[in-house]
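Engineer: Hey, dropping structure29.tsv in here, TSV, C-alpha atoms and all ligand atoms:
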chain	number	residue	atom	x	y	z
A	1	MET	CA	-47.45	4.63	49.61
A	2	GLN	CA	-48.63	5.59	46.18
A	3	TYR	CA	-50.05	3.06	43.75
A	4	ARG	CA	-50.54	3.26	39.99
A	5	ILE	CA	-52.16	0.65	37.76
A	6	GLY	CA	-51.72	0.24	34.02
A	7	ILE	CA	-53.18	-1.81	31.20
A	8	GLY	CA	-51.56	-2.83	27.91
A	9	TYR	CA	-52.82	-4.60	24.80
A	10	ASP	CA	-51.10	-5.60	21.58
A	11	ILE	CA	-51.71	-7.73	18.51
A	12	HIS	CA	-49.38	-8.77	15.67
A	13	LYS	CA	-49.92	-10.66	12.45
A	14	LEU	CA	-48.34	-14.12	12.04
A	15	VAL	CA	-46.32	-14.40	8.82
A	16	ARG	CA	-43.84	-16.75	7.19
A	17	GLY	CA	-40.16	-15.85	7.16
A	18	ARG	CA	-40.07	-14.37	10.68
A	19	LYS	CA	-38.88	-15.84	13.97
A	20	LEU	CA	-41.47	-16.07	16.74
A	21	PHE	CA	-40.55	-14.19	19.93
A	22	ILE	CA	-42.90	-14.18	22.90
A	23	GLY	CA	-41.77	-12.81	26.25
A	24	GLY	CA	-38.25	-12.46	24.87
A	25	LEU	CA	-38.14	-16.18	24.18
A	26	LEU	CA	-37.57	-17.74	20.77
A	27	ILE	CA	-40.50	-20.13	20.23
A	28	ASP	CA	-40.27	-23.07	17.86
A	29	TYR	CA	-42.91	-22.36	15.18
A	30	PRO	CA	-42.82	-22.07	11.37
A	31	ARG	CA	-44.09	-18.48	11.39
A	32	GLY	CA	-43.32	-15.31	13.35
A	33	LEU	CA	-44.92	-11.98	14.25
A	34	LEU	CA	-44.72	-9.14	11.76
A	35	GLY	CA	-43.48	-5.84	13.15
A	36	HIS	CA	-40.92	-3.07	12.97
A	37	SER	CA	-39.15	-4.64	15.97
A	38	ASP	CA	-39.11	-8.40	16.62
A	39	GLY	CA	-42.92	-8.20	17.05
A	40	ASP	CA	-42.89	-9.56	20.61
A	41	VAL	CA	-46.55	-9.05	21.38
A	42	LEU	CA	-46.27	-9.91	25.09
A	43	LEU	CA	-43.33	-7.60	25.83
A	44	HIS	CA	-45.09	-4.80	23.93
A	45	ALA	CA	-48.24	-5.24	26.06
A	46	ILE	CA	-46.08	-5.17	29.20
A	47	CYS	CA	-44.29	-1.99	27.99
A	48	ASP	CA	-47.67	-0.36	27.39
A	49	CYS	CA	-49.07	-1.26	30.81
A	50	LEU	CA	-45.94	0.15	32.47
A	51	LEU	CA	-46.10	3.37	30.43
A	52	GLY	CA	-49.84	3.66	31.03
A	53	ALA	CA	-49.38	3.30	34.78
A	54	VAL	CA	-47.21	6.44	34.87
A	55	SER	CA	-49.26	8.28	32.18
A	56	GLU	CA	-46.35	8.26	29.73
A	57	GLY	CA	-48.20	7.40	26.56
A	58	ASP	CA	-47.44	4.15	24.77
A	59	ILE	CA	-44.69	2.20	23.07
A	60	GLY	CA	-45.46	3.70	19.62
A	61	MET	CA	-44.86	7.17	21.03
A	62	HIS	CA	-41.53	6.27	22.65
A	63	PHE	CA	-40.24	4.02	19.87
A	64	PRO	CA	-41.93	5.14	16.62
A	65	ASP	CA	-41.85	2.65	13.75
A	66	THR	CA	-40.81	5.52	11.46
A	67	GLU	CA	-37.42	5.55	13.25
A	68	PRO	CA	-34.89	3.38	11.38
A	69	LYS	CA	-32.90	2.90	14.61
A	70	PHE	CA	-35.71	0.81	16.08
A	71	GLU	CA	-35.96	-1.48	13.07
A	72	GLY	CA	-35.44	-5.10	14.08
A	73	ILE	CA	-34.73	-4.07	17.68
A	74	ALA	CA	-35.15	-6.78	20.32
A	75	SER	CA	-38.21	-5.97	22.40
A	76	THR	CA	-36.25	-6.92	25.53
A	77	GLU	CA	-34.29	-3.70	24.88
A	78	LEU	CA	-37.51	-1.71	24.65
A	79	LEU	CA	-38.75	-3.20	27.93
A	80	ILE	CA	-35.46	-2.38	29.67
A	81	LYS	CA	-35.71	1.26	28.46
A	82	VAL	CA	-39.34	1.53	29.61
A	83	TYR	CA	-38.53	0.03	33.01
A	84	GLU	CA	-35.69	2.56	33.45
A	85	LEU	CA	-38.25	5.34	32.97
A	86	ILE	CA	-40.52	3.76	35.61
A	87	LYS	CA	-37.64	3.43	38.09
A	88	ASP	CA	-36.51	7.02	37.40
A	89	LYS	CA	-39.97	8.14	38.49
A	90	GLY	CA	-39.47	6.28	41.77
A	91	TYR	CA	-41.79	3.35	41.10
A	92	ALA	CA	-41.28	-0.37	41.61
A	93	ILE	CA	-43.34	-3.23	40.21
A	94	ASN	CA	-45.75	-4.74	42.73
A	95	ASN	CA	-46.96	-7.36	40.24
A	96	ILE	CA	-47.69	-7.96	36.57
A	97	ASP	CA	-50.51	-10.12	35.20
A	98	THR	CA	-50.72	-11.10	31.54
A	99	VAL	CA	-52.77	-13.09	29.03
A	100	ILE	CA	-51.45	-14.31	25.68
A	101	ILE	CA	-54.11	-15.26	23.14
A	102	ALA	CA	-52.83	-17.66	20.48
A	103	GLU	CA	-54.52	-20.51	18.67
A	104	GLU	CA	-51.06	-21.82	17.80
A	105	PRO	CA	-48.44	-22.63	18.95
A	106	LYS	CA	-49.51	-24.15	22.24
A	107	LEU	CA	-47.73	-22.04	24.84
A	108	ALA	CA	-48.46	-24.06	27.99
A	109	SER	CA	-45.00	-25.60	28.02
A	110	TYR	CA	-43.34	-22.18	27.54
A	111	LYS	CA	-45.16	-20.26	30.28
A	112	LYS	CA	-42.66	-21.02	33.04
A	113	GLU	CA	-39.70	-20.11	30.88
A	114	ILE	CA	-41.35	-16.90	29.66
A	115	ARG	CA	-42.00	-15.88	33.27
A	116	LYS	CA	-38.42	-16.64	34.24
A	117	ASN	CA	-37.11	-14.62	31.29
A	118	ILE	CA	-39.24	-11.54	32.04
A	119	ALA	CA	-38.23	-11.70	35.72
A	120	LEU	CA	-34.62	-11.77	34.57
A	121	ILE	CA	-35.04	-8.81	32.19
A	122	LEU	CA	-36.71	-6.72	34.91
A	123	GLY	CA	-34.57	-8.00	37.77
A	124	ILE	CA	-37.61	-8.87	39.88
A	125	LYS	CA	-38.87	-12.06	41.52
A	126	GLU	CA	-40.66	-14.58	39.32
A	127	ASP	CA	-43.68	-14.74	41.63
A	128	LEU	CA	-44.43	-11.07	40.86
A	129	ILE	CA	-45.21	-12.08	37.28
A	130	SER	CA	-48.16	-14.10	36.02
A	131	ILE	CA	-48.29	-15.53	32.49
A	132	LYS	CA	-51.53	-17.02	31.22
A	133	ALA	CA	-52.09	-18.40	27.73
A	134	LYS	CA	-55.33	-19.28	26.01
A	135	THR	CA	-56.77	-19.86	22.56
A	136	ASN	CA	-59.47	-17.73	20.94
A	137	GLU	CA	-61.76	-20.76	20.54
A	138	LYS	CA	-61.10	-20.68	16.75
A	139	LEU	CA	-62.89	-17.32	16.50
A	140	GLY	CA	-61.75	-14.36	14.40
A	141	GLU	CA	-58.24	-13.68	13.05
A	142	ILE	CA	-56.54	-15.06	16.16
A	143	GLY	CA	-58.68	-18.18	15.96
A	144	LYS	CA	-57.67	-18.61	12.31
A	145	LYS	CA	-54.00	-18.52	13.38
A	146	GLU	CA	-53.43	-15.23	11.54
A	147	ALA	CA	-52.42	-13.24	14.63
A	148	ILE	CA	-51.39	-13.41	18.28
A	149	ALA	CA	-52.56	-10.90	20.90
A	150	ALA	CA	-51.60	-10.16	24.50
A	151	TYR	CA	-52.96	-8.22	27.46
A	152	ALA	CA	-50.95	-7.07	30.46
A	153	THR	CA	-51.72	-5.20	33.66
A	154	VAL	CA	-49.35	-3.88	36.29
A	155	LEU	CA	-49.55	-2.41	39.77
A	156	LEU	CA	-46.71	-0.02	40.52
A	157	VAL	CA	-45.81	1.11	44.02
A	158	LYS	CA	-43.84	4.24	44.86
A	159	GLY	CA	-40.94	4.35	47.23
A	160	GLU	CA	-40.37	1.46	49.68
A	201	ZN	ZN	-46.35	-4.66	19.17
In structure tokens, how does this file's structure come out?
Structural biologist:
Amino acid sequence: MQYRIGIGYDIHKLVRGRKLFIGGLLIDYPRGLLGHSDGDVLLHAICDCLLGAVSEGDIGMHFPDTEPKFEGIASTELLIKVYELIKDKGYAINNIDTVIIAEEPKLASYKKEIRKNIALILGIKEDLISIKAKTNEKLGEIGKKEAIAAYATVLLVKGE
């Protein structure tokens, strides 16, 4: 058995006139995350932890924001592409742990659905995925509701 761990982090600015996507889920909120894609901060952090685990750089390297073809792309598509790369290298996901940091909206009621959605995208069991959400205790840009950040870690296992 061969194990690989990876860590991912992302942050996006909250702005008016955008829809809010977190974990591939449309969240009811008057603002959304600014980005070249849909700005899904959680899926980007998960992509980065997966890429990091196999030493394949990061999401910006694979899907540069200078490429018009990635403009407005659903981050679920990016995650599917990244997961294909992981599987091609012979790895499977042992488990994923995540933290979303948002002062607003309150994500407690969305956590279960986000987990279910990511499990569906990856085609793995829900109990292999952990979604945690917390505020930034009103500190900094996140605390002032100007941004949302996310961390993700993964353990990959080879073969089986
Ligand atoms: Zn991002």
Engineer: Of the candidates A:Phe63, A:Tyr110, A:Tyr3, A:Phe21, which shows the shortest atom-to-atom distance to Asp40 (chain A), using all atoms listed in the file?
Structural biologist: A:Phe21
Engineer: Nearest to Ile124 (chain A) among A:Val82, A:Cys49, A:Leu156, A:Ala92, with distances taken over all atoms listed in the file: which residue is it?
Structural biologist: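 Of A:Val82, A:Cys49, A:Leu156, A:Ala92, the one nearest Ile124 (chain A) is A:Ala92, counting all atoms listed in the file.
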Engineer: Which is closest to ligand ZN 201 (chain A) among A:Leu139, A:Ile5, A:Val41, A:Leu50, if we use all atoms listed in the file?
Structural biologist: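 Using all atoms listed in the file, ligand ZN 201 (chain A) sits closest to A:Val41.
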Engineer: Give the residues close to ligand ZN 201 (chain A), within 10 Å, counting all atoms listed in the file; write them as a VMD selection string.
Structural biologist: chain A and resid 9 to 13 33 to 45 47 to 48 59 to 60 75 149 to 150
Engineer: Residues of the last selection are to be written out with C-alpha atoms, as a compact mmCIF listing (two decimals), in the frame of the given file.
Structural biologist:
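Written out: out14.txt:
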# COMPACT_ATOMS: atom_id res chain seq x y z
CA TYR A 9 -52.82 -4.60 24.80
CA ASP A 10 -51.10 -5.60 21.58
CA ILE A 11 -51.71 -7.73 18.51
CA HIS A 12 -49.38 -8.77 15.67
CA LYS A 13 -49.92 -10.66 12.45
CA LEU A 33 -44.92 -11.98 14.25
CA LEU A 34 -44.72 -9.14 11.76
CA GLY A 35 -43.48 -5.84 13.15
CA HIS A 36 -40.92 -3.07 12.97
CA SER A 37 -39.15 -4.64 15.97
CA ASP A 38 -39.11 -8.40 16.62
CA GLY A 39 -42.92 -8.20 17.05
CA ASP A 40 -42.89 -9.56 20.61
CA VAL A 41 -46.55 -9.05 21.38
CA LEU A 42 -46.27 -9.91 25.09
CA LEU A 43 -43.33 -7.60 25.83
CA HIS A 44 -45.09 -4.80 23.93
CA ALA A 45 -48.24 -5.24 26.06
CA CYS A 47 -44.29 -1.99 27.99
CA ASP A 48 -47.67 -0.36 27.39
CA ILE A 59 -44.69 2.20 23.07
CA GLY A 60 -45.46 3.70 19.62
CA SER A 75 -38.21 -5.97 22.40
CA ALA A 149 -52.56 -10.90 20.90
CA ALA A 150 -51.60 -10.16 24.50
Engineer: Skipping near chain neighbours, those fewer than 2 positions away, what residues fall within 12 Å of Ala53 (chain A) using only C-alpha atoms, listed as a PyMOL selection string?
Structural biologist: chain A and resi 2-8+46-51+55-58+82-83+85-86+89+91-94+96+152-158
Engineer: Using all atoms listed in the file, which of the listed residues (A:Leu14, A:Leu122, A:Ile131, A:Leu20) sits closest to Asp97 (chain A)?
Structural biologist: A:Ile131
Engineer: Separation of CA of Lys112 (chain A) and CA of Asn136 (chain A), in Å?
Structural biologist: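 For CA of Lys112 (chain A) relative to CA of Asn136 (chain A), the distance reads 21.0 Å.
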Engineer: Have a look at CA of Ile118 (chain A) and CA of Lys87 (chain A) and let me know their distance in Å, one decimal.
Structural biologist: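 These atoms are spaced 16.2 Å apart.
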Engineer: Have a look at A:Leu128, A:Leu107, A:Ala102, A:Ala119 and name the one nearest to Gly140 (chain A); count only C-alpha atoms.
Structural biologist: A:Ala102
Engineer: Work out how far apart CA of Lys106 (chain A) and CA of Ile148 (chain A) are and give it in Å to one decimal.
Structural biologist: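 For CA of Lys106 (chain A) relative to CA of Ile148 (chain A), the distance reads 11.6 Å.
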Engineer: From the options A:Asp127, A:Glu113, A:Glu146, A:Glu141, which residue's atoms come nearest to Leu25 (chain A), counting all atoms listed in the file?
Structural biologist: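 With all atoms listed in the file as the atom set, the closest residue is A:Glu113.
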Engineer: Quick one: residues within 8 Å of region 132-134 of chain A, only C-alpha atoms, excluding same-chain residues fewer than 2 positions away - as a PyMOL selection string?
Structural biologist: chain A and resi 98-103+107-108+111+130+136
Engineer: Show me, as AutoDock Vina command-line options, the centre and edge lengths in Å to one decimal of the axis-aligned box that covers every listed atom of region 100-117 of chain A with 3 Å on each side.
Structural biologist:
--center_x -45.8 --center_y -20.0 --center_z 26.0 --size_x 23.4 --size_y 17.3 --size_z 22.4
